[in-house]
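Chemist: Below you'll find model.csv; it's CSV, C-alpha atoms and all ligand atoms.
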chain,number,residue,atom,x,y,z
A,282,MET,CA,109.0,55.0,90.0
A,283,ARG,CA,110.0,56.5,86.7
A,284,ALA,CA,113.1,58.6,86.9
A,285,ILE,CA,115.9,60.3,84.9
A,286,PHE,CA,119.4,60.6,86.3
A,287,LEU,CA,121.0,63.7,84.8
A,288,GLY,CA,124.5,64.9,85.3
A,289,PRO,CA,128.0,65.2,83.9
A,290,PRO,CA,130.0,62.0,83.1
A,291,GLY,CA,131.6,60.7,86.3
A,292,ALA,CA,128.9,62.1,88.5
A,293,GLY,CA,127.9,58.7,89.8
A,294,LYS,CA,124.7,58.3,87.7
A,295,GLY,CA,125.6,54.8,86.4
A,296,THR,CA,126.8,53.4,89.8
A,297,GLN,CA,123.7,54.7,91.6
A,298,ALA,CA,121.3,53.8,88.8
A,299,GLN,CA,122.5,50.2,89.0
A,300,ARG,CA,122.1,50.1,92.8
A,301,ILE,CA,118.8,51.9,93.1
A,302,SER,CA,117.2,49.9,90.3
A,303,GLU,CA,118.2,46.7,92.0
A,304,ALA,CA,116.8,47.9,95.3
A,305,TYR,CA,113.5,48.9,93.9
A,306,GLN,CA,113.3,46.4,91.0
A,307,LEU,CA,113.3,49.1,88.4
A,308,MET,CA,114.6,48.7,84.8
A,309,HIS,CA,118.0,50.4,84.5
A,310,ILE,CA,118.2,51.9,81.0
A,311,SER,CA,121.7,53.2,80.4
A,312,THR,CA,122.2,54.4,76.8
A,313,GLY,CA,126.0,54.2,77.3
A,314,ASP,CA,125.7,50.5,78.2
A,315,LEU,CA,123.2,49.9,75.4
A,316,LEU,CA,125.5,51.5,72.9
A,317,ARG,CA,128.5,49.6,74.2
A,318,GLY,CA,126.5,46.5,73.8
A,319,THR,CA,125.8,47.2,70.1
A,320,ILE,CA,129.6,47.7,69.7
A,321,LYS,CA,130.4,44.4,71.4
A,322,ASP,CA,127.9,42.6,69.1
A,323,ASN,CA,129.6,44.3,66.1
A,324,SER,CA,126.1,45.3,64.8
A,325,GLU,CA,125.6,47.9,62.1
A,326,LEU,CA,124.4,50.3,64.8
A,327,GLY,CA,127.5,49.6,66.8
A,328,ARG,CA,129.8,50.3,64.0
A,329,LYS,CA,128.2,53.7,63.5
A,330,ALA,CA,128.1,54.5,67.3
A,331,ARG,CA,131.7,53.7,68.0
A,332,VAL,CA,133.1,56.5,65.9
A,333,TYR,CA,131.2,59.1,67.9
A,334,MET,CA,131.8,57.5,71.3
A,335,GLU,CA,135.5,57.3,70.9
A,336,ARG,CA,135.6,61.0,70.1
A,337,GLY,CA,133.4,61.9,73.2
A,338,GLU,CA,130.7,63.2,70.9
A,339,LEU,CA,127.0,62.4,71.0
A,340,VAL,CA,125.7,59.5,68.9
A,341,PRO,CA,123.0,60.8,66.5
A,342,ASP,CA,119.7,61.3,68.2
A,343,GLU,CA,117.7,58.9,66.0
A,344,LEU,CA,119.9,56.0,66.7
A,345,VAL,CA,119.8,56.5,70.5
A,346,THR,CA,116.2,57.3,70.6
A,347,ALA,CA,115.3,54.1,68.7
A,348,LEU,CA,117.1,52.1,71.4
A,349,VAL,CA,115.4,54.0,74.2
A,350,ARG,CA,111.9,53.6,72.7
A,351,GLU,CA,112.3,49.9,72.4
A,352,ARG,CA,113.4,49.6,76.0
A,353,LEU,CA,110.6,51.9,77.3
A,354,ARG,CA,108.0,49.7,75.7
A,355,ALA,CA,109.4,46.8,77.6
A,356,ALA,CA,109.5,48.9,80.8
A,357,ARG,CA,105.7,48.9,80.9
A,358,ARG,CA,105.9,45.5,82.4
A,359,HIS,CA,108.2,46.7,85.1
A,360,ARG,CA,107.6,48.7,88.3
A,361,GLY,CA,109.3,51.6,86.6
A,362,PHE,CA,112.7,52.6,85.2
A,363,ILE,CA,115.7,54.8,85.7
A,364,LEU,CA,117.0,56.5,82.5
A,365,ASP,CA,120.7,57.0,82.8
A,366,GLY,CA,122.4,59.0,80.1
A,367,TYR,CA,119.3,60.0,78.3
A,368,PRO,CA,118.1,62.6,77.4
A,369,ARG,CA,121.3,64.4,76.7
A,370,ASN,CA,120.0,67.3,74.6
A,371,GLN,CA,116.8,69.2,73.9
A,372,ALA,CA,115.8,67.1,70.9
A,373,GLN,CA,116.1,63.9,73.0
A,374,ALA,CA,114.1,65.5,75.8
A,375,LEU,CA,111.3,66.3,73.4
A,376,ALA,CA,111.4,62.8,71.8
A,377,LEU,CA,111.2,61.3,75.3
A,378,ASP,CA,108.2,63.4,76.2
A,379,GLU,CA,106.5,62.0,73.1
A,380,ILE,CA,107.4,58.4,73.8
A,381,LEU,CA,106.2,58.7,77.4
A,382,ALA,CA,102.9,60.2,76.3
A,383,GLU,CA,102.4,57.5,73.7
A,384,GLU,CA,103.1,54.8,76.3
A,385,GLU,CA,101.1,56.7,79.0
A,386,ILE,CA,103.9,56.5,81.5
A,387,PRO,CA,104.5,59.9,83.0
A,388,LEU,CA,107.8,60.8,84.8
A,389,ASP,CA,108.0,61.0,88.5
A,390,LEU,CA,111.4,62.5,89.1
A,391,VAL,CA,114.5,63.9,87.5
A,392,VAL,CA,117.6,63.7,89.7
A,393,HIS,CA,120.3,66.2,88.9
A,394,PHE,CA,123.8,65.0,90.0
A,395,GLU,CA,125.5,68.4,90.5
A,396,THR,CA,129.2,67.9,90.3
A,397,PRO,CA,132.2,70.2,90.1
A,398,VAL,CA,134.4,69.7,87.1
A,399,GLU,CA,137.5,68.8,89.1
A,400,VAL,CA,135.6,65.9,90.7
A,401,VAL,CA,134.5,64.8,87.2
A,402,ARG,CA,138.1,64.7,86.0
A,403,ASP,CA,139.3,62.8,89.0
A,404,ARG,CA,136.5,60.2,88.8
A,405,LEU,CA,137.0,59.5,85.1
A,406,MET,CA,140.8,59.2,85.4
A,407,GLY,CA,140.5,56.7,88.2
A,408,ARG,CA,137.6,54.7,86.8
A,409,ARG,CA,137.9,51.0,86.0
A,410,VAL,CA,135.0,49.1,84.5
A,411,CYS,CA,134.3,45.3,84.6
A,412,SER,CA,134.6,44.0,81.1
A,413,SER,CA,132.0,41.3,81.8
A,414,CYS,CA,129.3,42.8,84.0
A,415,GLY,CA,129.9,46.5,83.5
A,416,THR,CA,130.1,47.5,87.1
A,417,ASN,CA,132.1,50.7,87.8
A,418,PHE,CA,135.0,50.9,90.2
A,419,HIS,CA,137.4,53.7,91.1
A,420,LEU,CA,141.0,53.1,92.1
A,421,LYS,CA,140.7,55.2,95.2
A,422,ALA,CA,137.1,55.9,96.0
A,423,LEU,CA,135.5,52.6,95.0
A,424,PRO,CA,138.2,50.0,94.9
A,425,PRO,CA,137.7,46.6,93.3
A,426,SER,CA,138.6,43.4,95.1
A,427,PRO,CA,142.3,43.1,96.3
A,428,ASN,CA,143.2,40.7,93.4
A,429,GLY,CA,142.4,43.5,91.0
A,430,ARG,CA,139.3,41.9,89.6
A,431,CYS,CA,135.6,42.8,89.7
A,432,SER,CA,134.2,42.2,93.2
A,433,ARG,CA,130.8,41.3,91.8
A,434,CYS,CA,131.6,38.7,89.2
A,435,GLY,CA,135.4,38.3,89.2
A,436,GLY,CA,135.6,39.7,85.7
A,437,GLU,CA,138.6,41.5,84.3
A,438,LEU,CA,138.7,45.3,84.8
A,439,MET,CA,139.5,47.7,82.0
A,440,ILE,CA,139.8,51.4,81.3
A,441,ARG,CA,137.0,52.6,79.2
A,442,PRO,CA,138.3,53.8,75.8
A,443,ASP,CA,136.6,57.2,76.2
A,444,ASP,CA,138.2,57.8,79.6
A,445,GLN,CA,141.4,59.3,78.0
A,446,ASP,CA,142.4,62.9,78.8
A,447,GLN,CA,141.3,64.5,75.5
A,448,THR,CA,138.1,62.6,75.2
A,449,VAL,CA,137.2,63.4,78.9
A,450,GLU,CA,137.5,67.1,78.1
A,451,GLN,CA,135.3,66.7,75.1
A,452,ARG,CA,132.6,64.9,77.0
A,453,ILE,CA,132.7,67.6,79.7
A,454,ARG,CA,132.2,70.2,77.0
A,455,VAL,CA,129.4,68.3,75.3
A,456,TYR,CA,127.6,68.0,78.7
A,457,GLU,CA,127.9,71.7,79.4
A,458,ASP,CA,126.6,72.6,75.9
A,459,PHE,CA,123.8,70.2,75.5
A,460,ALA,CA,122.7,68.4,78.6
A,461,ARG,CA,123.1,71.1,81.3
A,462,PRO,CA,120.2,73.2,79.7
A,463,LEU,CA,117.9,70.3,80.5
A,464,VAL,CA,118.2,71.1,84.2
A,465,LYS,CA,116.1,74.2,83.5
A,466,PHE,CA,113.7,72.2,81.2
A,467,TYR,CA,112.9,69.8,84.0
A,468,ARG,CA,112.8,72.4,86.8
A,469,LYS,CA,110.0,74.1,84.9
A,470,LYS,CA,108.1,70.9,84.9
A,471,ASP,CA,108.7,70.7,88.6
A,472,LEU,CA,110.4,67.3,88.5
A,473,LEU,CA,113.9,68.3,89.5
A,474,HIS,CA,115.7,67.2,92.6
A,475,LYS,CA,119.4,68.0,93.2
A,476,VAL,CA,121.9,65.6,94.7
A,477,SER,CA,125.5,66.4,95.2
A,478,GLY,CA,127.7,64.4,92.8
A,479,ALA,CA,130.8,65.1,94.9
A,480,GLN,CA,129.9,62.9,97.9
A,481,THR,CA,131.0,59.3,98.4
A,482,ALA,CA,129.0,56.6,96.6
A,483,GLY,CA,127.7,55.4,100.0
A,484,ASP,CA,126.4,58.9,101.0
A,485,GLN,CA,124.9,59.4,97.5
A,486,TYR,CA,123.1,56.1,97.8
A,487,ALA,CA,121.7,56.9,101.2
A,488,GLU,CA,120.4,60.3,99.9
A,489,LEU,CA,118.8,58.7,96.9
A,490,LYS,CA,117.1,56.1,99.0
A,491,ARG,CA,115.6,58.8,101.2
A,492,LEU,CA,114.4,60.6,98.1
A,493,PHE,CA,112.9,57.5,96.6
A,494,GLU,CA,111.2,56.5,99.8
A,495,ARG,CA,109.6,60.0,100.1
A,496,LYS,CA,108.5,59.9,96.4
A,497,ALA,CA,107.1,56.4,96.6
A,498,LYS,CA,104.5,57.6,99.2
A,501,LIG,P1,129.3,59.2,80.6
A,501,LIG,O1,128.0,59.7,81.0
A,501,LIG,O2,130.2,58.8,81.7
A,501,LIG,O3,129.9,60.0,79.5
A,501,LIG,P2,128.0,57.0,79.1
A,501,LIG,O4,128.3,55.6,79.2
A,501,LIG,O5,126.6,57.5,79.6
A,501,LIG,O6,129.1,57.8,79.9
A,501,LIG,O7,128.1,57.5,77.6
A,501,LIG,C1,129.2,57.2,76.8
A,501,LIG,C2,129.1,57.8,75.4
A,501,LIG,O8,128.0,57.2,74.8
A,501,LIG,C3,128.8,59.3,75.3
A,501,LIG,O9,130.0,60.0,75.3
A,501,LIG,C4,128.1,59.3,73.9
A,501,LIG,O10,129.1,59.2,72.8
A,501,LIG,C5,127.3,58.1,73.9
A,501,LIG,N1,125.9,58.3,74.4
A,501,LIG,C6,125.4,57.8,75.6
A,501,LIG,N2,124.1,58.2,75.7
A,501,LIG,C7,123.9,59.0,74.7
A,501,LIG,C8,122.7,59.8,74.3
A,501,LIG,N3,121.6,59.9,75.0
A,501,LIG,N4,122.8,60.5,73.1
A,501,LIG,C9,123.9,60.5,72.3
A,501,LIG,N5,125.0,59.8,72.7
A,501,LIG,C10,125.0,59.1,73.8
A,502,ZN,ZN,131.9,42.2,86.9
Just give me the structure as structure tokens.
Ligand code: ADP
Ligand code: ZN

Modeler:
Amino acid sequence: MRAIFLGPPGAGKGTQAQRISEAYQLMHISTGDLLRGTIKDNSELGRKARVYMERGELVPDELVTALVRERLRAARRHRGFILDGYPRNQAQALALDEILAEEEIPLDLVVHFETPVEVVRDRLMGRRVCSSCGTNFHLKALPPSPNGRCSRCGGELMIRPDDQDQTVEQRIRVYEDFARPLVKFYRKKDLLHKVSGAQTAGDQYAELKRLFERKAK
């Protein structure tokens, strides 16, 4: 299965992409995680990316696309992949089409996580992220373990630097301006499936599993 998860920040893409890719042994390609990895490594790319990410802006296309291309080459050896956070604008969608054509790995599915903006705000304000394994939690909706640590690996939780009020508003704007038009782009290709981003993580997971089962046939 080769899928894109598309939706605003806080829609549940990352959480579900992690779970579904584990369940179906797919490669989870999160450009946000890849970029945060380059920052952690203090690489040249990381130093460039950081400035954009902290402002809630898009990292330049060529930097992100290079990361994705490299990963998709490796994905050939997997049963498929979930792209989470890419493409995020028209230029990236076209670049992706090219890469997939070169690698001869057509897309099966684009899941659109449709999510009201109030839900997005609430999710990002309450979000906590494990500093060691990257798993997402939410203070109310997806609480970590009672000792306040990651319930997966025991790691320390942190607030993502871009989950601050002003940056959240900027990320919402960037989504509306650049990524939302992609819904139409993939609808025309007849790949689009809508999932409500406002439901609980458990309900979202159940719905996605049904969708993946149906598609796998
Ligand atoms: P969210 O979807 O919750 O905003 P991500 O972890 O996917 O979080 O992305 C965090 C930040 O990383 C974005 O605000 C942006 O700066 C950068 N980023 C991630 N993916 C891309 C992309 N495809 N193109 C450009 N920038 C990206
Ligand atoms: Zn963890």

Chemist: Go through A:Gln373, A:Thr296, A:Ser302, A:Asn428 one by one, measure the shortest atom-to-atom distance of each to ligand LIG 501 (chain A) using all atoms listed in the file, and give the residue with the smallest value.

Modeler: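 Ranked by minimum distance to ligand LIG 501 (chain A), first place goes to A:Gln373.
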
Chemist: Show me which residues are within 9 Å of ligand LIG 501 (chain A) counting all atoms listed in the file, and format the list as an MDAnalysis selection string.

Modeler: chainID A and resid 287:295 311:317 330:346 349 365:370 373 405 443:444 448:449 451:453 455:456

Chemist: Of the candidates A:Phe418, A:Val476, A:Leu463, A:Ile440, which one gets nearest to ligand ZN 502 (chain A) if we count only C-alpha atoms and all ligand atoms?

Modeler: A:Phe418

Chemist: If I take atom ZN of ligand ZN 502 (chain A) and atom CA of Arg409 of chain A, how far is one from the other in Å, to one decimal?

Modeler: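 Between atom ZN of ligand ZN 502 (chain A) and atom CA of Arg409 of chain A the gap works out to 10.7 Å.
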
Chemist: Ligand ZN 502 (chain A): which residues are within 9 Å, counting all atoms listed in the file, as a PDB file with C-alpha atoms, keeping the file's coordinate frame?

Modeler:
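And here is the file that came out, out.pdb:
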ATOM      1  CA  VAL A 410     135.000  49.100  84.500  1.00  0.00           C
ATOM      2  CA  CYS A 411     134.300  45.300  84.600  1.00  0.00           C
ATOM      3  CA  SER A 412     134.600  44.000  81.100  1.00  0.00           C
ATOM      4  CA  SER A 413     132.000  41.300  81.800  1.00  0.00           C
ATOM      5  CA  CYS A 414     129.300  42.800  84.000  1.00  0.00           C
ATOM      6  CA  GLY A 415     129.900  46.500  83.500  1.00  0.00           C
ATOM      7  CA  THR A 416     130.100  47.500  87.100  1.00  0.00           C
ATOM      8  CA  ASN A 417     132.100  50.700  87.800  1.00  0.00           C
ATOM      9  CA  ARG A 430     139.300  41.900  89.600  1.00  0.00           C
ATOM     10  CA  CYS A 431     135.600  42.800  89.700  1.00  0.00           C
ATOM     11  CA  SER A 432     134.200  42.200  93.200  1.00  0.00           C
ATOM     12  CA  ARG A 433     130.800  41.300  91.800  1.00  0.00           C
ATOM     13  CA  CYS A 434     131.600  38.700  89.200  1.00  0.00           C
ATOM     14  CA  GLY A 435     135.400  38.300  89.200  1.00  0.00           C
ATOM     15  CA  GLY A 436     135.600  39.700  85.700  1.00  0.00           C
ATOM     16  CA  GLU A 437     138.600  41.500  84.300  1.00  0.00           C
ATOM     17  CA  LEU A 438     138.700  45.300  84.800  1.00  0.00           C
TER      18      LEU A 438
END

Chemist: Interatomic distance between atom CA of Leu348 of chain A and atom CA of Arg408 of chain A?

Modeler: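 We find that atom CA of Leu348 of chain A and atom CA of Arg408 of chain A lie 25.8 Å from each other.
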
Chemist: Work out how far apart atom CA of Gln445 of chain A and atom CA of Val392 of chain A are and give it in Å to one decimal.

Modeler: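 Result for atom CA of Gln445 of chain A versus atom CA of Val392 of chain A: 26.9 Å, one decimal.
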
Chemist: Just segment 331-360 of chain A, please, as an mmCIF file, in the first residue's frame (only N, CA and C atoms).

Modeler:
data_model
loop_
_atom_site.group_PDB
_atom_site.id
_atom_site.type_symbol
_atom_site.label_atom_id
_atom_site.label_comp_id
_atom_site.auth_asym_id
_atom_site.auth_seq_id
_atom_site.Cartn_x
_atom_site.Cartn_y
_atom_site.Cartn_z
ATOM 1 N N ARG A 331 15.789 24.693 10.325
ATOM 2 C CA ARG A 331 15.341 25.156 11.624
ATOM 3 C C ARG A 331 14.681 26.542 11.575
ATOM 4 N N VAL A 332 15.295 27.449 10.839
ATOM 5 C CA VAL A 332 14.797 28.819 10.761
ATOM 6 C C VAL A 332 13.351 28.843 10.263
ATOM 7 N N TYR A 333 13.084 28.069 9.218
ATOM 8 C CA TYR A 333 11.734 28.035 8.657
ATOM 9 C C TYR A 333 10.763 27.375 9.621
ATOM 10 N N MET A 334 11.181 26.263 10.184
ATOM 11 C CA MET A 334 10.275 25.494 11.046
ATOM 12 C C MET A 334 9.856 26.295 12.275
ATOM 13 N N GLU A 335 10.800 27.016 12.843
ATOM 14 C CA GLU A 335 10.460 27.782 14.043
ATOM 15 C C GLU A 335 9.466 28.891 13.740
ATOM 16 N N ARG A 336 9.447 29.340 12.495
ATOM 17 C CA ARG A 336 8.472 30.375 12.117
ATOM 18 C C ARG A 336 7.159 29.787 11.633
ATOM 19 N N GLY A 337 7.097 28.475 11.494
ATOM 20 C CA GLY A 337 5.878 27.847 10.989
ATOM 21 C C GLY A 337 5.763 27.959 9.478
ATOM 22 N N GLU A 338 6.884 28.232 8.816
ATOM 23 C CA GLU A 338 6.869 28.338 7.349
ATOM 24 C C GLU A 338 7.356 27.047 6.716
ATOM 25 N N LEU A 339 7.136 26.930 5.417
ATOM 26 C CA LEU A 339 7.609 25.739 4.715
ATOM 27 C C LEU A 339 9.113 25.821 4.498
ATOM 28 N N VAL A 340 9.769 24.710 4.701
ATOM 29 C CA VAL A 340 11.182 24.581 4.362
ATOM 30 C C VAL A 340 11.252 24.541 2.825
ATOM 31 N N PRO A 341 12.275 25.145 2.210
ATOM 32 C CA PRO A 341 12.312 25.173 0.735
ATOM 33 C C PRO A 341 12.134 23.792 0.107
ATOM 34 N N ASP A 342 11.362 23.783 -0.973
ATOM 35 C CA ASP A 342 10.988 22.530 -1.633
ATOM 36 C C ASP A 342 12.171 21.618 -1.936
ATOM 37 N N GLU A 343 13.266 22.212 -2.462
ATOM 38 C CA GLU A 343 14.344 21.316 -2.929
ATOM 39 C C GLU A 343 14.985 20.558 -1.774
ATOM 40 N N LEU A 344 15.030 21.170 -0.595
ATOM 41 C CA LEU A 344 15.610 20.475 0.564
ATOM 42 C C LEU A 344 14.726 19.296 0.975
ATOM 43 N N VAL A 345 13.416 19.551 1.058
ATOM 44 C CA VAL A 345 12.498 18.514 1.515
ATOM 45 C C VAL A 345 12.377 17.405 0.467
ATOM 46 N N THR A 346 12.301 17.817 -0.783
ATOM 47 C CA THR A 346 12.132 16.822 -1.844
ATOM 48 C C THR A 346 13.344 15.890 -1.929
ATOM 49 N N ALA A 347 14.539 16.429 -1.678
ATOM 50 C CA ALA A 347 15.737 15.576 -1.690
ATOM 51 C C ALA A 347 15.639 14.494 -0.611
ATOM 52 N N LEU A 348 15.150 14.890 0.573
ATOM 53 C CA LEU A 348 14.988 13.913 1.659
ATOM 54 C C LEU A 348 13.978 12.831 1.278
ATOM 55 N N VAL A 349 12.876 13.266 0.681
ATOM 56 C CA VAL A 349 11.810 12.331 0.324
ATOM 57 C C VAL A 349 12.272 11.375 -0.781
ATOM 58 N N ARG A 350 12.988 11.910 -1.747
ATOM 59 C CA ARG A 350 13.455 11.079 -2.853
ATOM 60 C C ARG A 350 14.328 9.936 -2.335
ATOM 61 N N GLU A 351 15.221 10.297 -1.449
ATOM 62 C CA GLU A 351 16.135 9.302 -0.881
ATOM 63 C C GLU A 351 15.358 8.199 -0.152
ATOM 64 N N ARG A 352 14.367 8.610 0.618
ATOM 65 C CA ARG A 352 13.562 7.638 1.369
ATOM 66 C C ARG A 352 12.732 6.752 0.435
ATOM 67 N N LEU A 353 12.156 7.367 -0.593
ATOM 68 C CA LEU A 353 11.290 6.592 -1.492
ATOM 69 C C LEU A 353 12.083 5.547 -2.267
ATOM 70 N N ARG A 354 13.347 5.843 -2.530
ATOM 71 C CA ARG A 354 14.192 4.830 -3.177
ATOM 72 C C ARG A 354 14.295 3.620 -2.269
ATOM 73 N N ALA A 355 14.487 3.872 -0.987
ATOM 74 C CA ALA A 355 14.600 2.777 -0.021
ATOM 75 C C ALA A 355 13.261 2.057 0.143
ATOM 76 N N ALA A 356 12.173 2.788 -0.076
ATOM 77 C CA ALA A 356 10.836 2.216 0.128
ATOM 78 C C ALA A 356 10.520 1.097 -0.853
ATOM 79 N N ARG A 357 11.240 1.036 -1.928
ATOM 80 C CA ARG A 357 11.010 -0.036 -2.910
ATOM 81 C C ARG A 357 11.154 -1.408 -2.273
ATOM 82 N N ARG A 358 12.040 -1.462 -1.281
ATOM 83 C CA ARG A 358 12.274 -2.751 -0.632
ATOM 84 C C ARG A 358 11.202 -3.062 0.421
ATOM 85 N N HIS A 359 10.295 -2.130 0.665
ATOM 86 C CA HIS A 359 9.230 -2.339 1.653
ATOM 87 C C HIS A 359 7.932 -2.734 0.962
ATOM 88 N N ARG A 360 6.929 -3.052 1.806
ATOM 89 C CA ARG A 360 5.624 -3.390 1.244
ATOM 90 C C ARG A 360 4.853 -2.155 0.821
#
